[in-house]
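Peer 1: Take a look at model-v7.csv, CSV, C-alpha atoms:
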```csv
chain,number,residue,atom,x,y,z
A,1,MET,CA,31.1,113.9,117.3
A,2,LYS,CA,29.0,117.0,117.4
A,3,ARG,CA,25.4,116.5,116.2
A,4,TRP,CA,25.8,118.9,113.2
A,5,MET,CA,28.6,116.7,111.8
A,6,THR,CA,26.1,113.8,111.4
A,7,VAL,CA,23.9,115.8,109.1
A,8,PRO,CA,24.2,114.5,105.5
A,9,CYS,CA,25.6,116.7,102.8
A,10,ARG,CA,23.4,117.8,100.0
A,11,VAL,CA,23.5,115.9,96.8
A,12,PRO,CA,24.4,117.9,93.7
A,13,ASP,CA,21.5,118.6,91.3
A,14,HIS,CA,22.1,116.1,88.4
A,15,ALA,CA,19.1,117.5,86.5
A,16,ALA,CA,20.6,121.0,86.5
A,17,ALA,CA,23.9,119.5,85.3
A,18,ALA,CA,22.2,117.7,82.5
A,19,ALA,CA,20.4,120.9,81.5
A,20,ALA,CA,23.6,122.8,81.5
A,21,ALA,CA,25.4,120.1,79.5
A,22,GLU,CA,22.6,120.2,76.9
A,23,ARG,CA,22.9,124.0,76.7
A,24,GLN,CA,26.7,123.6,76.1
A,25,ASP,CA,26.0,121.4,73.2
A,26,THR,CA,23.9,124.1,71.5
A,27,LEU,CA,26.4,127.0,71.8
A,28,THR,CA,28.2,128.3,68.8
A,29,LYS,CA,31.4,126.4,69.1
A,30,PRO,CA,32.7,122.9,68.5
A,31,PRO,CA,31.7,120.6,71.3
A,32,GLY,CA,34.3,120.6,74.1
A,33,SER,CA,36.3,123.5,72.5
A,34,LEU,CA,36.3,125.5,75.7
A,35,GLY,CA,37.7,122.6,77.7
A,36,ARG,CA,37.5,122.8,81.4
A,37,LEU,CA,35.5,126.1,81.3
A,38,GLU,CA,32.6,124.0,80.0
A,39,ALA,CA,33.0,121.4,82.8
A,40,LEU,CA,33.2,124.2,85.4
A,41,ALA,CA,30.0,125.7,84.2
A,42,ILE,CA,28.3,122.4,84.3
A,43,GLN,CA,29.7,121.6,87.8
A,44,LEU,CA,28.6,124.9,89.1
A,45,ALA,CA,25.1,124.4,87.6
A,46,SER,CA,24.8,121.1,89.5
A,47,LEU,CA,26.0,122.8,92.8
A,48,GLN,CA,23.7,125.8,92.4
A,49,SER,CA,20.7,124.0,90.9
A,50,ARG,CA,20.7,126.5,88.1
A,51,LYS,CA,20.9,125.9,84.4
A,52,ARG,CA,22.9,129.2,84.2
A,53,PRO,CA,25.1,129.4,87.3
A,54,ARG,CA,26.7,132.7,88.6
A,55,VAL,CA,29.5,133.5,91.0
A,56,ASP,CA,28.9,137.2,91.5
A,57,ARG,CA,28.5,136.9,95.3
A,58,VAL,CA,31.7,135.5,96.7
A,59,HIS,CA,32.4,135.2,100.5
A,60,ILE,CA,36.0,134.9,101.6
A,61,ALA,CA,36.6,133.9,105.2
A,62,VAL,CA,40.2,134.0,106.6
A,63,PHE,CA,40.7,132.2,109.9
A,64,ALA,CA,43.8,133.1,112.0
A,65,GLY,CA,45.3,131.2,114.8
A,66,ASP,CA,48.7,130.6,116.4
A,67,HIS,CA,50.5,127.2,116.9
A,68,GLY,CA,52.4,126.0,119.9
A,69,VAL,CA,54.7,124.1,117.6
A,70,ALA,CA,56.2,127.4,116.5
A,71,SER,CA,58.4,127.2,119.6
A,72,GLU,CA,60.3,124.5,117.8
A,73,GLY,CA,61.8,127.0,115.3
A,74,ILE,CA,60.0,125.6,112.3
A,75,SER,CA,59.2,129.0,110.7
A,76,ALA,CA,61.3,131.7,109.1
A,77,PHE,CA,59.0,134.3,110.6
A,78,PRO,CA,58.4,135.1,114.3
A,79,GLN,CA,55.0,134.1,115.8
A,80,ALA,CA,54.1,137.7,116.4
A,81,VAL,CA,53.4,138.0,112.7
A,82,THR,CA,50.0,136.2,113.0
A,83,GLY,CA,48.5,138.9,115.1
A,84,GLU,CA,50.1,141.6,113.0
A,85,MET,CA,48.7,140.1,109.9
A,86,VAL,CA,45.2,140.1,111.4
A,87,ARG,CA,45.5,143.8,111.7
A,88,ASN,CA,46.9,144.0,108.1
A,89,PHE,CA,43.9,142.1,106.8
A,90,ALA,CA,41.5,144.5,108.4
A,91,SER,CA,43.3,147.6,107.2
A,92,GLY,CA,43.3,146.3,103.6
A,93,GLY,CA,47.0,145.9,103.1
A,94,ALA,CA,47.2,142.1,102.8
A,95,ALA,CA,47.1,140.3,99.5
A,96,ILE,CA,43.7,138.7,100.1
A,97,ALA,CA,42.3,142.1,101.1
A,98,VAL,CA,43.5,143.6,97.8
A,99,LEU,CA,42.1,140.6,95.9
A,100,ALA,CA,38.8,140.7,97.7
A,101,ARG,CA,38.4,144.4,96.8
A,102,GLU,CA,39.2,143.7,93.2
A,103,LEU,CA,36.7,140.9,93.0
A,104,GLY,CA,33.9,142.8,94.9
A,105,ALA,CA,33.9,139.9,97.4
A,106,THR,CA,33.0,139.9,101.0
A,107,LEU,CA,36.0,139.5,103.2
A,108,GLU,CA,35.5,138.1,106.7
A,109,VAL,CA,38.5,137.9,109.1
A,110,VAL,CA,38.1,135.6,112.2
A,111,ASN,CA,40.7,135.7,115.0
A,112,LEU,CA,40.6,132.4,116.8
A,113,GLY,CA,43.6,133.1,119.0
A,114,THR,CA,47.0,134.7,118.6
A,115,VAL,CA,50.0,135.0,121.0
A,116,ASN,CA,50.4,138.6,119.9
A,117,ASP,CA,46.7,139.6,120.4
A,118,PRO,CA,45.9,142.7,118.3
A,119,GLY,CA,42.7,143.3,120.5
A,120,GLU,CA,39.5,144.6,119.2
A,121,ILE,CA,39.8,145.6,115.5
A,122,GLU,CA,37.0,146.9,113.3
A,123,GLY,CA,36.2,144.3,110.7
A,124,VAL,CA,37.7,141.4,112.7
A,125,ARG,CA,35.5,138.8,114.4
A,126,ARG,CA,37.0,137.8,117.8
A,127,GLU,CA,36.2,134.2,118.4
A,128,ILE,CA,39.2,133.5,120.7
A,129,ILE,CA,39.7,129.9,121.7
A,130,ALA,CA,43.1,130.3,123.3
A,131,PRO,CA,46.3,132.3,122.5
A,132,SER,CA,47.6,129.3,120.5
A,133,THR,CA,47.3,125.5,120.2
A,134,ALA,CA,49.6,123.3,122.3
A,135,ASN,CA,52.9,122.1,120.9
A,136,LEU,CA,51.9,119.1,118.8
A,137,ARG,CA,55.5,117.7,119.0
A,138,HIS,CA,54.7,116.7,122.6
A,139,VAL,CA,51.0,116.8,123.3
A,140,PRO,CA,47.7,117.0,121.4
A,141,ALA,CA,47.4,120.4,119.7
A,142,MET,CA,43.8,120.9,120.9
A,143,THR,CA,41.5,119.6,123.6
A,144,ASP,CA,38.1,118.3,122.6
A,145,ASP,CA,36.4,121.5,123.6
A,146,GLU,CA,38.9,123.6,121.6
A,147,LEU,CA,38.5,121.4,118.5
A,148,ASP,CA,34.7,121.8,118.8
A,149,ALA,CA,35.0,125.6,119.2
A,150,ALA,CA,37.2,125.8,116.0
A,151,LEU,CA,34.9,123.6,114.0
A,152,ASP,CA,31.9,125.6,115.2
A,153,SER,CA,33.5,128.8,114.1
A,154,GLY,CA,33.7,127.5,110.5
A,155,VAL,CA,30.1,126.4,110.7
A,156,ARG,CA,29.0,129.9,111.8
A,157,SER,CA,31.0,131.5,109.0
A,158,VAL,CA,29.2,129.4,106.4
A,159,ALA,CA,25.8,130.2,108.0
A,160,ARG,CA,26.6,133.9,107.7
A,161,ALA,CA,27.7,133.5,104.1
A,162,ALA,CA,24.6,131.4,103.2
A,163,ALA,CA,22.3,133.9,104.8
A,164,ALA,CA,23.8,136.7,102.6
A,165,GLY,CA,23.1,134.6,99.5
A,166,THR,CA,26.7,133.8,98.7
A,167,GLU,CA,27.2,131.8,95.5
A,168,LEU,CA,30.8,130.7,96.3
A,169,TYR,CA,32.6,130.2,99.6
A,170,ILE,CA,36.3,130.5,100.0
A,171,GLY,CA,38.2,129.7,103.2
A,172,GLY,CA,41.7,131.1,103.9
A,173,ASP,CA,44.3,130.7,106.7
A,174,MET,CA,46.8,132.7,108.7
A,175,GLY,CA,49.0,131.2,111.4
A,176,ILE,CA,52.8,131.0,111.8
A,177,GLY,CA,53.6,127.3,112.0
A,178,ASN,CA,50.6,126.1,110.1
A,179,THR,CA,52.5,124.4,107.3
A,180,THR,CA,54.0,122.2,110.0
A,181,ALA,CA,50.6,121.4,111.5
A,182,ALA,CA,49.1,120.8,108.1
A,183,SER,CA,52.0,118.5,107.1
A,184,ALA,CA,51.7,116.6,110.3
A,185,LEU,CA,47.9,116.2,109.8
A,186,ALA,CA,48.3,115.1,106.2
A,187,CYS,CA,51.0,112.6,107.3
A,188,ALA,CA,48.5,111.1,109.8
A,189,LEU,CA,45.6,111.1,107.4
A,190,LEU,CA,47.5,109.6,104.5
A,191,GLY,CA,50.1,107.5,106.2
A,192,GLU,CA,52.9,109.5,104.6
A,193,LYS,CA,56.4,110.2,105.8
A,194,PRO,CA,57.3,113.7,107.0
A,195,GLU,CA,60.2,114.1,104.6
A,196,THR,CA,57.7,113.6,101.7
A,197,LEU,CA,55.3,116.3,102.8
A,198,ALA,CA,57.3,118.9,104.8
A,199,GLY,CA,58.2,121.9,102.7
A,200,PRO,CA,59.7,125.4,103.1
A,201,GLY,CA,56.5,127.1,104.3
A,202,THR,CA,57.5,130.7,105.0
A,203,GLY,CA,60.9,130.2,103.3
A,204,LEU,CA,62.9,127.7,105.3
A,205,ASP,CA,66.2,126.5,103.8
A,206,LYS,CA,67.1,122.8,103.5
A,207,GLN,CA,68.2,122.6,107.1
A,208,GLY,CA,65.0,124.3,108.2
A,209,VAL,CA,62.9,121.9,106.2
A,210,ALA,CA,64.8,118.9,107.7
A,211,ARG,CA,64.2,120.2,111.2
A,212,LYS,CA,60.5,120.6,110.4
A,213,ALA,CA,60.3,117.0,109.2
A,214,ALA,CA,62.1,115.8,112.4
A,215,VAL,CA,59.6,117.7,114.6
A,216,ILE,CA,56.7,116.1,112.7
A,217,ALA,CA,58.3,112.6,112.9
A,218,ASP,CA,58.6,113.1,116.7
A,219,ALA,CA,55.0,114.1,116.9
A,220,LEU,CA,53.8,111.1,114.9
A,221,ARG,CA,55.8,108.8,117.2
A,222,VAL,CA,54.4,110.5,120.3
A,223,HIS,CA,50.8,110.3,119.3
A,224,GLY,CA,50.9,106.9,117.6
A,225,ALA,CA,47.9,105.4,115.8
A,226,LEU,CA,44.8,107.5,116.4
A,227,ALA,CA,41.3,106.1,116.3
A,228,SER,CA,39.5,108.6,114.0
A,229,PRO,CA,40.0,111.5,111.6
A,230,ARG,CA,38.6,113.7,114.4
A,231,GLU,CA,41.4,112.6,116.7
A,232,GLN,CA,43.9,113.2,114.0
A,233,LEU,CA,42.6,116.7,113.5
A,234,ARG,CA,42.6,117.3,117.3
A,235,HIS,CA,46.2,116.1,117.8
A,236,PHE,CA,47.9,117.6,114.7
A,237,GLY,CA,45.7,120.4,113.4
A,238,GLY,CA,45.3,124.1,114.3
A,239,PHE,CA,42.4,126.3,115.2
A,240,GLU,CA,42.3,127.7,111.6
A,241,ILE,CA,42.7,124.3,110.0
A,242,ALA,CA,39.8,122.9,112.1
A,243,ALA,CA,37.7,126.0,111.3
A,244,LEU,CA,38.2,125.4,107.6
A,245,ALA,CA,37.3,121.7,107.9
A,246,GLY,CA,34.1,122.7,109.7
A,247,ALA,CA,33.3,125.3,107.2
A,248,PHE,CA,33.8,122.9,104.2
A,249,VAL,CA,31.5,120.3,105.8
A,250,ALA,CA,28.9,122.9,106.6
A,251,ALA,CA,29.0,124.4,103.1
A,252,ALA,CA,28.3,121.0,101.6
A,253,GLN,CA,25.5,120.4,104.1
A,254,CYS,CA,23.7,123.6,103.1
A,255,GLY,CA,24.5,123.4,99.4
A,256,VAL,CA,27.2,126.2,99.0
A,257,PRO,CA,30.0,125.5,96.5
A,258,VAL,CA,33.5,125.8,97.9
A,259,LEU,CA,36.6,127.0,96.1
A,260,VAL,CA,39.6,125.5,98.0
A,261,ASP,CA,42.9,127.4,98.3
A,262,GLY,CA,46.4,125.9,98.7
A,263,PHE,CA,48.2,123.4,100.9
A,264,ILE,CA,46.6,124.4,104.3
A,265,ALA,CA,43.1,124.7,103.0
A,266,SER,CA,43.4,121.5,101.0
A,267,THR,CA,44.7,119.6,104.1
A,268,ALA,CA,41.6,121.0,105.9
A,269,ALA,CA,39.5,119.7,102.9
A,270,LEU,CA,41.2,116.3,103.3
A,271,ALA,CA,40.2,116.3,107.0
A,272,ALA,CA,36.7,117.4,106.1
A,273,VAL,CA,36.3,114.6,103.6
A,274,ALA,CA,37.6,112.1,106.1
A,275,LEU,CA,35.0,113.3,108.5
A,276,ARG,CA,32.2,113.5,105.9
A,277,PRO,CA,33.0,111.8,102.6
A,278,ASP,CA,29.9,113.3,101.0
A,279,ALA,CA,31.4,116.8,101.3
A,280,ARG,CA,33.8,116.1,98.5
A,281,PRO,CA,31.5,116.9,95.5
A,282,TRP,CA,31.1,120.5,96.7
A,283,MET,CA,34.8,121.3,96.4
A,284,ILE,CA,36.5,122.9,93.5
A,285,PHE,CA,40.3,123.2,93.8
A,286,ALA,CA,41.8,126.5,92.8
A,287,HIS,CA,45.5,126.0,92.4
A,288,ARG,CA,48.5,123.8,92.9
A,289,SER,CA,50.6,125.3,95.6
A,290,HIS,CA,54.4,125.4,95.4
A,291,GLU,CA,54.5,123.8,98.9
A,292,ARG,CA,55.9,120.3,98.6
A,293,GLY,CA,53.1,118.3,100.1
A,294,HIS,CA,50.2,119.9,98.2
A,295,GLY,CA,50.4,117.6,95.2
A,296,ARG,CA,50.1,114.5,97.4
A,297,VAL,CA,47.1,116.0,99.2
A,298,LEU,CA,45.4,116.9,95.8
A,299,ASP,CA,46.1,113.3,94.6
A,300,ALA,CA,44.4,111.9,97.6
A,301,LEU,CA,41.3,114.1,97.0
A,302,GLN,CA,41.4,113.2,93.3
A,303,ALA,CA,41.5,116.9,92.6
A,304,SER,CA,42.7,118.6,89.4
A,305,PRO,CA,43.4,122.3,90.3
A,306,LEU,CA,42.6,125.1,87.9
A,307,LEU,CA,45.9,127.0,88.2
A,308,ASP,CA,49.6,126.4,88.8
A,309,LEU,CA,51.3,129.7,89.5
A,310,HIS,CA,53.9,128.6,92.1
A,311,MET,CA,52.0,130.4,94.8
A,312,ARG,CA,52.3,129.5,98.5
A,313,LEU,CA,51.0,132.5,100.4
A,314,GLY,CA,47.8,131.1,101.8
A,315,GLU,CA,45.2,133.6,103.0
A,316,ALA,CA,42.9,132.2,100.3
A,317,SER,CA,45.0,134.2,97.8
A,318,GLY,CA,45.3,131.4,95.2
A,319,ALA,CA,41.6,130.8,95.3
A,320,ALA,CA,40.8,134.5,94.9
A,321,VAL,CA,43.0,134.6,91.8
A,322,ALA,CA,41.0,131.7,90.3
A,323,VAL,CA,37.6,133.4,90.8
A,324,PRO,CA,37.7,135.2,87.4
A,325,LEU,CA,38.1,131.8,85.7
A,326,LEU,CA,34.9,130.6,87.3
A,327,ARG,CA,33.1,133.9,86.3
A,328,MET,CA,34.3,133.6,82.7
A,329,ALA,CA,33.1,130.0,82.6
A,330,CYS,CA,29.6,131.1,83.8
A,331,THR,CA,29.5,134.1,81.5
A,332,LEU,CA,30.4,132.1,78.4
A,333,HIS,CA,27.9,129.4,79.4
A,334,GLY,CA,25.1,131.9,80.0
A,335,SER,CA,25.7,134.6,77.4
A,336,MET,CA,27.0,132.8,74.2
A,337,ALA,CA,24.4,132.5,71.4
A,338,THR,CA,23.1,129.1,70.4
A,339,PHE,CA,23.4,127.9,66.8
A,340,ALA,CA,19.7,128.6,66.4
A,341,GLU,CA,19.9,132.1,67.9
A,342,ALA,CA,22.9,133.0,65.7
A,343,GLY,CA,21.7,131.4,62.5
A,344,VAL,CA,24.9,129.4,62.3
A,345,SER,CA,24.9,126.0,60.7
A,346,GLU,CA,25.7,123.0,62.9
A,347,ALA,CA,28.0,120.2,61.9
```
Before anything else, please render the file you have as structure tokens.
Peer 2:
Amino acid sequence: MKRWMTVPCRVPDHAAAAAAAERQDTLTKPPGSLGRLEALAIQLASLQSRKRPRVDRVHIAVFAGDHGVASEGISAFPQAVTGEMVRNFASGGAAIAVLARELGATLEVVNLGTVNDPGEIEGVRREIIAPSTANLRHVPAMTDDELDAALDSGVRSVARAAAAGTELYIGGDMGIGNTTAASALACALLGEKPETLAGPGTGLDKQGVARKAAVIADALRVHGALASPREQLRHFGGFEIAALAGAFVAAAQCGVPVLVDGFIASTAALAAVALRPDARPWMIFAHRSHERGHGRVLDALQASPLLDLHMRLGEASGAAVAVPLLRMACTLHGSMATFAEAGVSEA
């Protein structure tokens, strides 16, 4: 295990949470009438050590990487799409690029290795590990060095975000074949069967989903019982999944709240929590993906997502859509009048 992984995660500020909860009790509304918006404001107060939290400065990092398992025909799209989408992110045409502009968020794109390499692109960080992972159906997806490189990429992303004063970190993914990798990793971490977690991904039909489940079942048999969450991540994960796991741990270590996206990001969060259980309090879960396995992963993390819009795009798109809810929670918490300020009688 790398030395940075042994650093404890920060403890949320319970005094700030108590102060925020006390403020909520004085606002001109019946107690609890704003529901989860109140709880969100209090949670963010504890994570930001502020009585009045804000999420004005948002950092979105999208990690891209290809998967050797794509050769098994487990995606409805060709593998070349990964590299092409990296270019699309940078040119502003992808969903997450549109959403980031709308939010005024920083968008960082990190290319960890694609079979269809788009080359140097303005606005894209080249942190190439390999053209793709190995085929997890037959061999470990990553070597030890490749796993460390992917984890470290996530750590560096968070360091850049923290240095810029971000108030919320969001991690996204791009990689043809990554729902297969995430499903396999989740099966290993949770002891689940592939047919329970494998879903349509990019749009597979029933036969395609059955093939995906069979590929994952083969992989689980080949790799057998693995000694640690790190080994499970190395054997079944992807560069972008490992980068997200590293980022989520690093964010918790330096005290940056994380808004977790859909199935891929949540599986990375599951791996991060397996590696560092004290990272869990720093995670807010944005939405329930329409991907089949996401509900099981959320249950394992005891997570109650904010939205359920039947999204399954990835890229951090679901998390970006949830940012206005967090901003509204903070604005209501910070700007509503108290009973005393408004001259309103309390119950």
Peer 1: Looking at A:Gln43, A:Ser33, A:Ser75, A:Thr106, which one is nearest to Val58 in chain A, with distances taken over all atoms listed in the file?
Peer 2: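 Of A:Gln43, A:Ser33, A:Ser75, A:Thr106, the one nearest Val58 in chain A, counting all atoms listed in the file, is A:Thr106.
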Peer 1: Quick one: of A:Ser266, A:Ser345, A:Asn116, A:Gln253, who's nearest to Val297 in chain A, counting all atoms listed in the file?
Peer 2: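 Looking only at the distances to Val297 in chain A, the closest residue turns out to be A:Ser266.
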Peer 1: Find the residues around range 311-321 of chain A up to 7 Å (only C-alpha atoms counted), leave out those fewer than 4 positions away in its own chain, and share them as a list of chain:residue names.
Peer 2: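 Surrounding residues, per the criterion: A:Val62, A:Ala95, A:Ile96, A:Leu99, A:Ile170, A:Gly171, A:Gly172, A:Asp173, A:Met174, A:Leu259, A:Val260, A:Asp261, A:Gly262, A:Ala286, A:His287, A:Ser289, A:His290, A:Glu291.
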Peer 1: For range 327-339 of chain A, please output as a PDB file with C-alpha atoms, in the frame of the given file all residues within 8 Å (counting all atoms listed in the file; exclusion window: fewer than 4 positions along the same chain).
Peer 2:
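As written to disk, selection23.pdb reads:
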```
ATOM      1  CA  ARG A  23      22.900 124.000  76.700  1.00  0.00           C
ATOM      2  CA  GLN A  24      26.700 123.600  76.100  1.00  0.00           C
ATOM      3  CA  THR A  26      23.900 124.100  71.500  1.00  0.00           C
ATOM      4  CA  LEU A  27      26.400 127.000  71.800  1.00  0.00           C
ATOM      5  CA  THR A  28      28.200 128.300  68.800  1.00  0.00           C
ATOM      6  CA  LEU A  37      35.500 126.100  81.300  1.00  0.00           C
ATOM      7  CA  GLU A  38      32.600 124.000  80.000  1.00  0.00           C
ATOM      8  CA  LEU A  40      33.200 124.200  85.400  1.00  0.00           C
ATOM      9  CA  ALA A  41      30.000 125.700  84.200  1.00  0.00           C
ATOM     10  CA  ARG A  52      22.900 129.200  84.200  1.00  0.00           C
ATOM     11  CA  PRO A  53      25.100 129.400  87.300  1.00  0.00           C
ATOM     12  CA  ARG A  54      26.700 132.700  88.600  1.00  0.00           C
ATOM     13  CA  VAL A  55      29.500 133.500  91.000  1.00  0.00           C
ATOM     14  CA  ASP A  56      28.900 137.200  91.500  1.00  0.00           C
ATOM     15  CA  VAL A 323      37.600 133.400  90.800  1.00  0.00           C
ATOM     16  CA  GLY A 343      21.700 131.400  62.500  1.00  0.00           C
ATOM     17  CA  VAL A 344      24.900 129.400  62.300  1.00  0.00           C
ATOM     18  CA  SER A 345      24.900 126.000  60.700  1.00  0.00           C
ATOM     19  CA  GLU A 346      25.700 123.000  62.900  1.00  0.00           C
TER      20      GLU A 346
END
```
Peer 1: Which of these residues is nearest to Gly199 in chain A, using all atoms listed in the file: A:Arg280, A:Arg292, A:Arg230, A:Arg160?
Peer 2: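 Closest residue, counting all atoms listed in the file: A:Arg292.
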Peer 1: Go ahead and compute the interatomic distance for CA of Gly208 in chain A and CA of His310 in chain A, in Å to one decimal.
Peer 2: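 According to the coordinates, CA of Gly208 in chain A and CA of His310 in chain A are separated by 20.0 Å.
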Peer 1: Choose the residue, out of A:Gly83, A:Gly65, A:Pro140, A:Pro324, that has the smallest atom-to-atom separation from Leu233 in chain A; count all atoms listed in the file.
Peer 2: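 Among the listed residues, the smallest separation from Leu233 in chain A belongs to A:Pro140.
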